[in-house]
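Trainee: coords_3.txt (compact mmCIF, C-alpha atoms and all ligand atoms) pasted underneath:
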# COMPACT_ATOMS: atom_id res chain seq x y z
CA MET A 1042 51.19 10.56 -16.62
CA THR A 1043 54.72 11.84 -17.23
CA ALA A 1044 57.57 10.49 -15.09
CA SER A 1045 58.70 12.78 -12.29
CA ARG A 1046 62.35 13.26 -11.24
CA ARG A 1047 63.14 10.59 -8.67
CA LEU A 1048 65.00 10.95 -5.39
CA PRO A 1049 68.07 8.74 -4.89
CA PHE A 1050 66.96 5.22 -3.85
CA GLN A 1051 63.35 5.98 -4.76
CA GLN A 1052 61.47 3.08 -6.35
CA ASP A 1053 59.53 3.77 -9.53
CA LEU A 1054 55.85 3.93 -8.69
CA GLU A 1055 54.81 4.06 -12.35
CA ALA A 1056 56.45 0.76 -13.34
CA PRO A 1057 54.63 -2.56 -12.74
CA ALA A 1058 57.37 -3.90 -10.43
CA GLY A 1059 57.26 -0.74 -8.32
CA GLN A 1060 53.47 -0.83 -8.13
CA HIS A 1061 53.55 -4.48 -7.05
CA ALA A 1062 56.09 -3.73 -4.29
CA PHE A 1063 54.04 -0.70 -3.20
CA ARG A 1064 50.87 -2.81 -2.79
CA GLN A 1065 52.70 -5.42 -0.78
CA ARG A 1066 54.28 -2.94 1.60
CA LEU A 1067 51.10 -0.97 2.08
CA LEU A 1068 48.93 -4.04 2.69
CA SER A 1069 51.31 -5.68 5.12
CA TRP A 1070 51.56 -2.39 7.05
CA TYR A 1071 47.76 -2.20 7.08
CA ASP A 1072 47.43 -5.77 8.35
CA ARG A 1073 49.69 -4.95 11.30
CA ASN A 1074 48.54 -1.42 12.07
CA ARG A 1075 44.94 -0.90 11.10
CA ARG A 1076 42.67 0.64 13.68
CA ASP A 1077 40.06 -1.67 15.14
CA LEU A 1078 36.93 0.09 13.86
CA PRO A 1079 33.45 -1.42 14.26
CA TRP A 1080 32.58 -1.30 10.55
CA ARG A 1081 35.67 -3.37 9.79
CA ASN A 1082 34.44 -6.37 11.77
CA ARG A 1083 31.90 -7.51 9.22
CA ARG A 1084 31.77 -6.89 5.49
CA ASP A 1085 28.03 -6.47 5.60
CA PRO A 1086 27.08 -3.98 2.83
CA TYR A 1087 24.44 -2.24 4.99
CA ARG A 1088 26.95 -1.58 7.79
CA VAL A 1089 29.69 -0.54 5.37
CA TRP A 1090 27.26 1.83 3.66
CA VAL A 1091 26.12 3.46 6.94
CA SER A 1092 29.74 3.96 8.00
CA GLU A 1093 30.77 5.45 4.65
CA ILE A 1094 27.89 7.94 4.68
CA MET A 1095 28.62 8.94 8.29
CA LEU A 1096 32.33 9.35 7.57
CA GLN A 1097 31.70 11.86 4.77
CA GLN A 1098 32.92 15.20 6.16
CA THR A 1099 33.14 13.76 9.70
CA ARG A 1100 36.13 12.38 11.62
CA VAL A 1101 36.30 8.74 12.71
CA ALA A 1102 36.38 9.66 16.41
CA ALA A 1103 33.18 11.68 16.07
CA VAL A 1104 31.39 8.91 14.16
CA LEU A 1105 32.07 5.97 16.52
CA GLY A 1106 29.33 6.63 19.10
CA TYR A 1107 26.74 7.62 16.48
CA TYR A 1108 27.46 4.53 14.41
CA ALA A 1109 26.85 2.17 17.34
CA ARG A 1110 23.64 3.96 18.39
CA PHE A 1111 22.33 4.19 14.83
CA LEU A 1112 22.80 0.45 14.28
CA ARG A 1113 21.14 -0.37 17.58
CA ARG A 1114 18.17 1.74 16.48
CA PHE A 1115 18.16 0.52 12.83
CA PRO A 1116 19.99 -2.83 12.80
CA THR A 1117 18.84 -3.75 9.29
CA LEU A 1118 18.07 -2.13 5.98
CA GLU A 1119 14.41 -3.09 6.43
CA LYS A 1120 14.17 -1.37 9.81
CA LEU A 1121 15.72 1.79 8.37
CA ALA A 1122 13.35 1.76 5.38
CA ALA A 1123 10.32 1.33 7.67
CA ALA A 1124 11.31 4.20 10.00
CA ARG A 1125 9.81 7.69 9.89
CA GLU A 1126 12.19 10.36 8.59
CA ALA A 1127 11.94 12.22 11.93
CA SER A 1128 13.26 9.11 13.75
CA VAL A 1129 16.19 8.82 11.35
CA LEU A 1130 17.03 12.50 11.79
CA ALA A 1131 16.77 12.12 15.58
CA ALA A 1132 19.30 9.26 15.49
CA TRP A 1133 21.55 11.43 13.29
CA SER A 1134 21.14 14.49 15.47
CA GLY A 1135 24.55 15.99 16.31
CA LEU A 1136 26.41 14.49 13.34
CA GLY A 1137 25.48 17.41 11.08
CA TYR A 1138 25.05 17.49 7.31
CA TYR A 1139 21.53 16.10 7.69
CA ARG A 1140 21.04 15.71 3.96
CA ARG A 1141 23.17 12.57 4.32
CA ALA A 1142 20.60 11.04 6.70
CA ARG A 1143 17.71 11.93 4.41
CA MET A 1144 19.46 10.39 1.41
CA LEU A 1145 20.38 7.27 3.41
CA HIS A 1146 16.74 6.86 4.38
CA ALA A 1147 15.52 7.47 0.80
CA ALA A 1148 18.03 4.93 -0.53
CA ALA A 1149 16.95 2.30 2.03
CA ARG A 1150 13.36 2.77 0.91
CA LYS A 1151 14.37 2.49 -2.73
CA ILE A 1152 16.21 -0.79 -2.12
CA VAL A 1153 13.34 -2.29 -0.12
CA HIS A 1154 10.45 -1.06 -2.29
CA GLU A 1155 11.95 -0.98 -5.80
CA LEU A 1156 14.82 -3.52 -5.69
CA GLU A 1157 13.01 -6.22 -3.69
CA GLY A 1158 15.34 -5.68 -0.74
CA VAL A 1159 18.44 -6.76 -2.67
CA PHE A 1160 21.41 -4.52 -1.91
CA PRO A 1161 23.12 -3.39 -5.18
CA ALA A 1162 26.40 -5.29 -5.47
CA THR A 1163 28.32 -3.30 -8.09
CA SER A 1164 29.63 0.25 -8.08
CA ARG A 1165 27.56 0.98 -11.19
CA ASP A 1166 24.31 -0.08 -9.53
CA LEU A 1167 25.22 1.59 -6.25
CA LEU A 1168 25.61 4.90 -8.08
CA ALA A 1169 21.87 4.85 -8.81
CA LEU A 1170 21.06 5.17 -5.08
CA PRO A 1171 20.27 8.60 -3.59
CA GLY A 1172 23.29 10.14 -1.86
CA VAL A 1173 25.81 7.71 -3.38
CA GLY A 1174 28.54 9.27 -5.51
CA ARG A 1175 31.61 7.81 -7.17
CA TYR A 1176 33.65 7.59 -3.97
CA THR A 1177 30.92 5.94 -1.87
CA ALA A 1178 29.92 3.50 -4.62
CA ALA A 1179 33.54 2.36 -5.04
CA ALA A 1180 34.10 2.14 -1.28
CA ILE A 1181 31.03 -0.08 -0.70
CA ALA A 1182 31.64 -2.21 -3.81
CA SER A 1183 35.31 -2.83 -2.97
CA ILE A 1184 34.92 -3.38 0.79
CA ALA A 1185 31.67 -5.37 0.84
CA PHE A 1186 31.81 -7.09 -2.58
CA ASN A 1187 35.55 -7.18 -3.40
CA GLU A 1188 35.06 -5.24 -6.66
CA PRO A 1189 38.36 -3.79 -7.98
CA ALA A 1190 37.20 -0.17 -7.84
CA ALA A 1191 39.60 2.47 -6.48
CA VAL A 1192 38.48 5.23 -4.13
CA VAL A 1193 39.74 8.78 -3.89
CA ASP A 1194 38.85 10.89 -0.87
CA GLY A 1195 40.74 13.83 0.64
CA ASN A 1196 43.24 11.50 2.36
CA VAL A 1197 43.98 9.47 -0.77
CA GLU A 1198 44.36 12.61 -2.86
CA ARG A 1199 46.90 14.10 -0.44
CA VAL A 1200 48.91 10.86 -0.34
CA MET A 1201 48.94 10.67 -4.15
CA GLN A 1202 50.04 14.27 -4.59
CA ARG A 1203 52.94 13.67 -2.21
CA LEU A 1204 53.91 10.29 -3.63
CA PHE A 1205 54.09 11.64 -7.18
CA GLY A 1206 55.50 14.99 -6.10
CA ARG A 1207 53.59 17.14 -8.52
CA SER A 1208 50.19 18.69 -8.85
CA LEU A 1209 47.82 16.02 -10.20
CA SER A 1210 44.38 16.87 -11.55
CA GLN A 1211 41.38 15.04 -10.09
CA ARG A 1212 41.29 12.82 -13.15
CA GLU A 1213 44.99 11.96 -12.77
CA VAL A 1214 44.53 11.09 -9.10
CA TRP A 1215 41.72 8.67 -9.99
CA VAL A 1216 43.84 7.14 -12.78
CA ALA A 1217 46.82 6.72 -10.41
CA ALA A 1218 44.56 5.17 -7.74
CA GLU A 1219 43.19 2.67 -10.29
CA ASP A 1220 46.74 1.82 -11.44
CA LEU A 1221 47.98 1.16 -7.92
CA LEU A 1222 44.89 -0.71 -6.69
CA SER A 1223 45.37 -4.31 -5.57
CA ARG A 1224 43.15 -6.57 -7.69
CA ASN A 1225 43.29 -9.29 -5.01
CA ARG A 1226 42.37 -7.17 -2.00
CA PRO A 1227 40.74 -4.00 -3.35
CA GLY A 1228 38.70 -3.25 -0.22
CA ASP A 1229 41.71 -3.60 2.08
CA PHE A 1230 43.90 -1.63 -0.31
CA ASN A 1231 41.42 1.26 -0.41
CA GLN A 1232 41.11 1.28 3.35
CA ALA A 1233 44.90 1.09 3.69
CA MET A 1234 45.35 4.18 1.50
CA MET A 1235 42.79 6.10 3.54
CA GLU A 1236 44.33 4.85 6.79
CA LEU A 1237 47.78 5.98 5.64
CA GLY A 1238 46.42 9.47 4.93
CA ALA A 1239 44.53 9.62 8.23
CA THR A 1240 47.29 8.37 10.54
CA VAL A 1241 50.72 8.81 8.86
CA CYS A 1242 50.58 11.07 5.80
CA VAL A 1243 48.61 13.65 7.78
CA PRO A 1244 47.94 17.15 6.41
CA MET A 1245 50.42 19.40 8.23
CA GLU A 1246 53.45 17.32 9.21
CA PRO A 1247 53.48 13.82 7.70
CA LEU A 1248 55.21 11.15 9.80
CA CYS A 1249 57.55 10.05 7.02
CA ALA A 1250 59.87 8.14 9.40
CA ALA A 1251 56.95 5.78 10.13
CA CYS A 1252 55.68 5.59 6.55
CA PRO A 1253 55.59 2.10 5.01
CA VAL A 1254 55.88 3.47 1.47
CA VAL A 1255 58.54 6.12 2.02
CA ARG A 1256 60.82 4.48 -0.55
CA PHE A 1257 58.25 5.24 -3.28
CA CYS A 1258 57.63 8.86 -2.27
CA SER A 1259 58.85 11.83 -4.30
CA THR A 1260 58.45 14.43 -1.56
CA ARG A 1261 58.93 12.76 1.85
CA GLY A 1262 57.20 15.58 3.62
CA ARG A 1263 58.82 18.50 1.79
CA GLY A 1264 56.53 21.50 1.36
CA SER A 1265 53.76 20.03 3.51
CA ARG A 1266 53.01 22.92 5.81
CA ASN A 1267 50.22 25.14 4.65
CA PRO A 1268 50.89 28.64 5.93
CA LYS A 1269 47.52 29.81 4.68
CA ALA A 1270 45.50 27.48 6.91
CA LYS A 1271 42.06 28.99 7.33
CA SER A 1272 41.62 30.93 10.53
CA GLN A 1273 38.44 30.39 12.55
CA ARG A 1274 35.81 33.15 12.69
CA LYS A 1275 34.32 33.99 16.07
CA ARG A 1276 30.64 34.75 16.72
CA GLU A 1277 28.39 35.11 19.74
CA ILE A 1278 24.89 33.68 19.63
CA CYS A 1279 22.11 33.65 22.27
CA TYR A 1280 19.22 31.26 22.89
CA ALA A 1281 16.29 31.15 25.28
CA LEU A 1282 15.70 28.00 27.32
CA SER A 1283 12.15 28.24 28.62
CA CYS A 1284 10.85 25.41 30.82
CA GLN A 1285 7.38 25.23 32.33
CA ASN A 1286 5.47 22.33 33.93
CA GLY A 1287 7.88 19.72 32.59
CA GLU A 1288 7.80 21.15 29.06
CA VAL A 1289 10.46 22.91 26.98
CA LEU A 1290 9.86 25.62 24.39
CA LEU A 1291 11.32 24.63 21.02
CA LEU A 1292 11.07 25.75 17.39
CA LYS A 1293 10.94 23.59 14.29
CA ARG A 1294 12.98 24.93 11.39
CA PRO A 1295 10.97 25.47 8.18
CA LYS A 1296 10.83 22.56 5.74
CA ASP A 1297 12.32 24.78 3.02
CA ALA A 1298 15.18 26.15 5.16
CA ALA A 1299 18.53 25.90 3.38
CA LEU A 1300 20.17 24.48 6.51
CA MET A 1301 18.79 21.66 8.64
CA PRO A 1302 15.18 21.81 7.37
CA GLY A 1303 12.62 20.29 9.74
CA MET A 1304 15.07 20.04 12.66
CA TRP A 1305 14.19 21.30 16.16
CA GLU A 1306 16.13 23.97 18.01
CA LEU A 1307 15.88 26.49 20.84
CA PRO A 1308 14.57 29.97 19.96
CA GLU A 1309 17.38 32.39 19.15
CA ILE A 1310 17.13 35.74 20.93
CA GLU A 1311 18.88 39.10 20.91
CA ALA A 1312 22.15 39.24 22.82
CA ARG A 1313 21.66 40.51 26.38
CA GLY A 1314 23.95 41.10 29.35
CA PRO A 1315 25.17 38.00 31.21
CA ARG A 1316 22.91 36.79 34.06
CA SER A 1317 23.59 34.28 36.80
CA SER A 1318 21.08 31.86 35.27
CA ASP A 1319 22.93 31.83 31.95
CA LEU A 1320 24.60 28.75 30.57
CA GLN A 1321 27.64 29.31 28.41
CA LEU A 1322 29.27 26.91 26.03
CA ARG A 1323 31.28 26.77 22.85
CA HIS A 1324 30.33 25.24 19.54
CA SER A 1325 32.26 25.02 16.26
CA ILE A 1326 30.78 24.62 12.81
CA THR A 1327 33.27 24.43 9.91
CA ILE A 1328 35.25 27.70 10.17
CA THR A 1329 33.16 29.47 12.82
CA ASP A 1330 33.66 29.20 16.60
CA TYR A 1331 30.46 30.16 18.41
CA ARG A 1332 30.34 31.42 21.96
CA VAL A 1333 26.83 30.32 22.93
CA ARG A 1334 24.92 31.99 25.74
CA VAL A 1335 21.66 30.46 26.93
CA THR A 1336 19.19 32.46 29.00
CA ARG A 1337 16.99 30.32 31.25
CA THR A 1338 13.50 31.65 31.77
CA GLU A 1339 10.07 30.40 32.81
CA THR A 1340 8.26 33.04 30.79
CA PRO A 1341 8.77 32.55 27.06
CA LEU A 1342 10.65 35.39 25.37
CA VAL A 1343 9.47 34.38 21.89
CA SER A 1344 6.75 32.11 20.56
CA GLY A 1345 7.42 28.42 19.90
CA GLN A 1346 6.02 25.01 20.65
CA TRP A 1347 5.91 23.44 24.14
CA VAL A 1348 7.27 19.90 24.06
CA PRO A 1349 7.21 17.52 27.06
CA ALA A 1350 10.80 17.12 28.32
CA THR A 1351 10.39 13.33 28.12
CA ARG A 1352 9.81 13.56 24.35
CA VAL A 1353 12.58 16.01 23.53
CA SER A 1354 15.39 13.49 23.03
CA LYS A 1355 13.28 11.63 20.44
CA LEU A 1356 13.02 14.71 18.21
CA PRO A 1357 15.47 15.44 15.39
CA LEU A 1358 17.36 18.16 17.26
CA THR A 1359 20.11 20.27 15.76
CA GLY A 1360 23.54 19.38 17.12
CA LEU A 1361 23.73 22.63 19.05
CA ALA A 1362 20.24 22.21 20.56
CA ARG A 1363 21.19 18.72 21.74
CA LYS A 1364 24.41 20.06 23.25
CA ILE A 1365 22.57 22.84 25.14
CA LEU A 1366 19.83 20.52 26.40
CA ARG A 1367 22.44 18.04 27.62
CA ALA A 1368 24.40 20.81 29.37
CA ALA A 1369 21.13 21.92 31.01
CA GLU A 1370 20.50 18.27 32.03
CA ILE A 1371 17.14 18.18 30.26
CA ILE A 1372 18.10 15.19 28.10
S1 LIG A 1401 56.90 9.48 2.86
FE1 LIG A 1401 55.89 11.08 4.00
S2 LIG A 1401 54.95 12.43 2.46
FE2 LIG A 1401 55.48 10.50 1.44
S3 LIG A 1401 53.62 9.27 1.53
FE3 LIG A 1401 54.85 8.69 3.31
S4 LIG A 1401 54.12 10.07 4.96
FE4 LIG A 1401 53.39 10.91 3.02
Written as C-alpha cells, that's how I'd like the structure from this file.
Mentor:
Amino acid sequence: MTASRRLPFQQDLEAPAGQHAFRQRLLSWYDRNRRDLPWRNRRDPYRVWVSEIMLQQTRVAAVLGYYARFLRRFPTLEKLAAAREASVLAAWSGLGYYRRARMLHAAARKIVHELEGVFPATSRDLLALPGVGRYTAAAIASIAFNEPAAVVDGNVERVMQRLFGRSLSQREVWVAAEDLLSRNRPGDFNQAMMELGATVCVPMEPLCAACPVVRFCSTRGRGSRNPKAKSQRKREICYALSCQNGEVLLLKRPKDAALMPGMWELPEIEARGPRSSDLQLRHSITITDYRVRVTRTETPLVSGQWVPATRVSKLPLTGLARKILRAAEII
C-alpha cells in the first residue's frame, strides 16, 4: 500500500514500530473495556462458532437471548447434529436469515458423521464446513485455537478505511488487517478491532475523543456522515388469526420458497377496514417498516392447517408469526 499524508503527531501505521504500538494500545483498551458477552467466557469452538453464525447480519443485543436459549436446547455439537432440522429452525425462529441455521445444522452433522466428531482446528479446514466463509473461519480459528488469522467484517473495514484515510479495496483491507494482527493474541486482537468498530468507531459519528488509537488515525472522524443513508420503505400487511377449540390455523411455506422455506406463518389476507378485534403491531425487515394488522376470527378466511396451540411454539415459526402469536398471548 502507498503511504498516505499524515496528520501532525500521527504515528505511522505502516511502519513496524507504529504497528507494534497500535497493537499494544488496542489490546490494553480491549482488556479494560470489552463487553462481557457470554461467548467470551469460554473459548470452546462450538460456542464460538454458534455465536459467530448468529452474529452474521444481526446485532449483539438481538443475539444475546437467542444464544442462551439455543445453547440450552443444543448444549453440544452432538446434540445439534442429532436434532431434527425443524427443531433447529424453531430455536432460530425470530433471528431471521434461516439459511444460517440450516448450514449450522448441516455442518454439525458433517463434523459428527464425517470427521468423527473432531471440530476442525484450522481456518483452512473450517472453510470446508457448510456456511463457513473466510471471515467465520478466521474468527473461529483465531478465537478458539489462537491461529494468527485476521478477520474483516463491516466494523473492521470501516475502522481500516478511517485509519488509513483513503478508499481501500477489499483485498487491501485484508492485507492491512493481516499486517496489523497481533501474533501473540490474534483472537483478542480480532475481537478488539470489531469491538472498536461496534462501540467507538461507529458508522455515523465516531467517538474519536474516546478512541484508543486516535494517534494512528488519518481521518479522526472527518467525512463520516453519510447523507445518503437509506430511507425505510413503509408497507401495510394483513394476517388472519383463526383460533378454534384450542387450535390455531397456520400455513407452512413451500420447501422451494426463496425466503424462509419450510417455516410456519399466519395466512396473509387482503387488507380490510380496521375492526375492534384487530391487533396492530410494527415489524421491520432490512429497509422495510411493516404496519401489521391481524384480524381475529373463529371462522377461517383461507385454508391452512390447524395446529394445537400447545404445539405452536415448537414449530419453526417466522419471526413475524412468533411476534404476532406472542402479542395475541397464544405462545
Ligand atoms: S480516531 Fe475516530 S475515526 Fe479514527 S479510528 Fe478512532 S474512532 Fe475511528
Trainee: Neighbouring residues of ligand LIG 1401 (chain A) are defined here as those with any atom at most 6 Å from a ligand atom, counting only C-alpha atoms and all ligand atoms; list them as JSON, numbers by chain.
Mentor: {"A": [1200, 1203, 1204, 1241, 1242, 1247, 1248, 1249, 1252, 1254, 1255, 1258, 1260, 1261, 1262]}
Trainee: Include C-alpha atoms and write out the residues we just selected as an mmCIF file, keeping the file's coordinate frame.
Mentor:
data_model
loop_
_atom_site.group_PDB
_atom_site.id
_atom_site.type_symbol
_atom_site.label_atom_id
_atom_site.label_comp_id
_atom_site.auth_asym_id
_atom_site.auth_seq_id
_atom_site.Cartn_x
_atom_site.Cartn_y
_atom_site.Cartn_z
ATOM 1 C CA VAL A 1200 48.910 10.860 -0.340
ATOM 2 C CA ARG A 1203 52.940 13.670 -2.210
ATOM 3 C CA LEU A 1204 53.910 10.290 -3.630
ATOM 4 C CA VAL A 1241 50.720 8.810 8.860
ATOM 5 C CA CYS A 1242 50.580 11.070 5.800
ATOM 6 C CA PRO A 1247 53.480 13.820 7.700
ATOM 7 C CA LEU A 1248 55.210 11.150 9.800
ATOM 8 C CA CYS A 1249 57.550 10.050 7.020
ATOM 9 C CA CYS A 1252 55.680 5.590 6.550
ATOM 10 C CA VAL A 1254 55.880 3.470 1.470
ATOM 11 C CA VAL A 1255 58.540 6.120 2.020
ATOM 12 C CA CYS A 1258 57.630 8.860 -2.270
ATOM 13 C CA THR A 1260 58.450 14.430 -1.560
ATOM 14 C CA ARG A 1261 58.930 12.760 1.850
ATOM 15 C CA GLY A 1262 57.200 15.580 3.620
#
Trainee: Write out as JSON, numbers by chain which residues come within 12 Å of A:Arg1367 when counting all atoms listed in the file, dropping same-chain ones fewer than 3 positions away.
Mentor: {"A": [1135, 1320, 1322, 1350, 1353, 1354, 1358, 1360, 1361, 1362, 1363, 1364, 1370, 1371, 1372]}
Trainee: Have a look at A:Tyr1087, A:Val1101, A:Phe1205, A:Thr1340 and name the one nearest to A:Gly1158; count all atoms listed in the file.
Mentor: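 Looking only at the distances to A:Gly1158, the closest residue turns out to be A:Tyr1087.
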Trainee: Set the distance at 9 Å and use all atoms listed in the file: which residues neighbour A:Val1214 once local chain neighbours fewer than 2 positions away are removed? I'd like the list as a ChimeraX atom specification.
Mentor: /A:1193,1197-1198,1201-1202,1209-1212,1216-1219
Trainee: Please provide the set of residues having any atom within 6 Å of stretch 1223-1230 of chain A, restricted to all atoms listed in the file, with same-chain residues fewer than 5 positions apart removed, written as a short mmCIF file (atom, residue, chain, number, x, y, z; two decimals) with C-alpha atoms, in the frame of the given file.
Mentor:
data_model
loop_
_atom_site.label_atom_id
_atom_site.label_comp_id
_atom_site.auth_asym_id
_atom_site.auth_seq_id
_atom_site.Cartn_x
_atom_site.Cartn_y
_atom_site.Cartn_z
CA SER A 1183 35.31 -2.83 -2.97
CA ILE A 1184 34.92 -3.38 0.79
CA ASN A 1187 35.55 -7.18 -3.40
CA PRO A 1189 38.36 -3.79 -7.98
#
Trainee: Do you know which residues lie at most 12 Å from (52.6, -5.4, -7.7), with coordinates as in the file and only C-alpha atoms counted, and could you write them as a list in words?
Mentor: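 The residues that fall inside the cut-off are Asp1053, Leu1054, Glu1055, Ala1056, Pro1057, Ala1058, Gly1059, Gln1060, His1061, Ala1062, Phe1063, Arg1064, Gln1065, Arg1066, Leu1067, Leu1068, Asp1220, Leu1221, Leu1222, Ser1223, Arg1224, Asn1225 and Arg1226 of chain A.
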Trainee: Counting all atoms listed in the file, select every polymer residue within 12 Å of (14.4, 1.5, 15.0) as defined in the file's coordinates, and provide the selection as a PyMOL selection string.
Mentor: chain A and resi 1110-1132+1355
Trainee: Tell me which of A:Arg1141, A:Pro1357, A:Gly1206, A:Ala1281 sits closest to A:Lys1293, counting only C-alpha atoms.
Mentor: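 Smallest separation from A:Lys1293 among the options: A:Pro1357.
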Trainee: Expressed in Å to a single decimal, how great is the separation between atom CA of A:Leu1078 and atom CA of A:Ala1109?
Mentor: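 If I compute the distance from atom CA of A:Leu1078 to atom CA of A:Ala1109, I get 10.9 Å.
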Trainee: Could you pull stretch 1293-1346 of chain A out of the block above and give me C-alpha atoms, as a short mmCIF file (atom, residue, chain, number, x, y, z; two decimals), in the first residue's frame?
Mentor:
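The result, written out as result_1.cif:
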data_model
loop_
_atom_site.label_atom_id
_atom_site.label_comp_id
_atom_site.auth_asym_id
_atom_site.auth_seq_id
_atom_site.Cartn_x
_atom_site.Cartn_y
_atom_site.Cartn_z
CA LYS A 1293 -46.25 -23.86 6.09
CA ARG A 1294 -44.20 -22.04 3.48
CA PRO A 1295 -43.24 -24.19 0.46
CA LYS A 1296 -39.93 -26.04 0.67
CA ASP A 1297 -38.76 -24.29 -2.52
CA ALA A 1298 -39.77 -20.76 -1.41
CA ALA A 1299 -36.94 -18.26 -1.91
CA LEU A 1300 -37.48 -16.84 1.58
CA MET A 1301 -37.85 -18.87 4.76
CA PRO A 1302 -38.67 -22.23 3.11
CA GLY A 1303 -40.48 -24.68 5.37
CA MET A 1304 -41.23 -22.08 8.07
CA TRP A 1305 -44.72 -21.64 9.56
CA GLU A 1306 -46.70 -18.41 9.42
CA LEU A 1307 -50.20 -17.00 9.70
CA PRO A 1308 -52.26 -16.81 6.48
CA GLU A 1309 -51.92 -13.44 4.77
CA ILE A 1310 -55.22 -11.87 3.73
CA GLU A 1311 -56.44 -8.87 1.75
CA ALA A 1312 -56.37 -5.56 3.60
CA ARG A 1313 -59.73 -4.77 5.20
CA GLY A 1314 -61.08 -1.92 7.33
CA PRO A 1315 -59.95 -1.84 10.97
CA ARG A 1316 -62.13 -3.81 13.43
CA SER A 1317 -62.19 -3.77 17.20
CA SER A 1318 -60.83 -7.33 17.31
CA ASP A 1319 -57.76 -6.35 15.28
CA LEU A 1320 -54.26 -6.48 16.67
CA GLN A 1321 -51.81 -3.97 15.30
CA LEU A 1322 -48.06 -4.04 15.51
CA ARG A 1323 -44.96 -2.94 13.68
CA HIS A 1324 -42.23 -5.08 12.19
CA SER A 1325 -39.05 -4.10 10.34
CA ILE A 1326 -37.14 -6.23 7.87
CA THR A 1327 -33.98 -4.68 6.38
CA ILE A 1328 -35.24 -1.46 4.71
CA THR A 1329 -38.99 -2.03 5.03
CA ASP A 1330 -41.15 -0.98 8.00
CA TYR A 1331 -44.34 -3.04 8.07
CA ARG A 1332 -47.54 -1.92 9.74
CA VAL A 1333 -49.08 -5.30 10.55
CA ARG A 1334 -52.81 -5.72 11.09
CA VAL A 1335 -54.13 -9.02 12.40
CA THR A 1336 -57.80 -9.93 12.08
CA ARG A 1337 -59.00 -12.37 14.74
CA THR A 1338 -61.68 -14.76 13.60
CA GLU A 1339 -63.14 -18.13 14.57
CA THR A 1340 -64.15 -18.96 11.02
CA PRO A 1341 -61.13 -19.44 8.77
CA LEU A 1342 -60.85 -16.87 5.98
CA VAL A 1343 -58.43 -19.02 3.97
CA SER A 1344 -57.37 -22.65 4.06
CA GLY A 1345 -54.44 -23.79 6.21
CA GLN A 1346 -53.54 -26.36 8.80
#
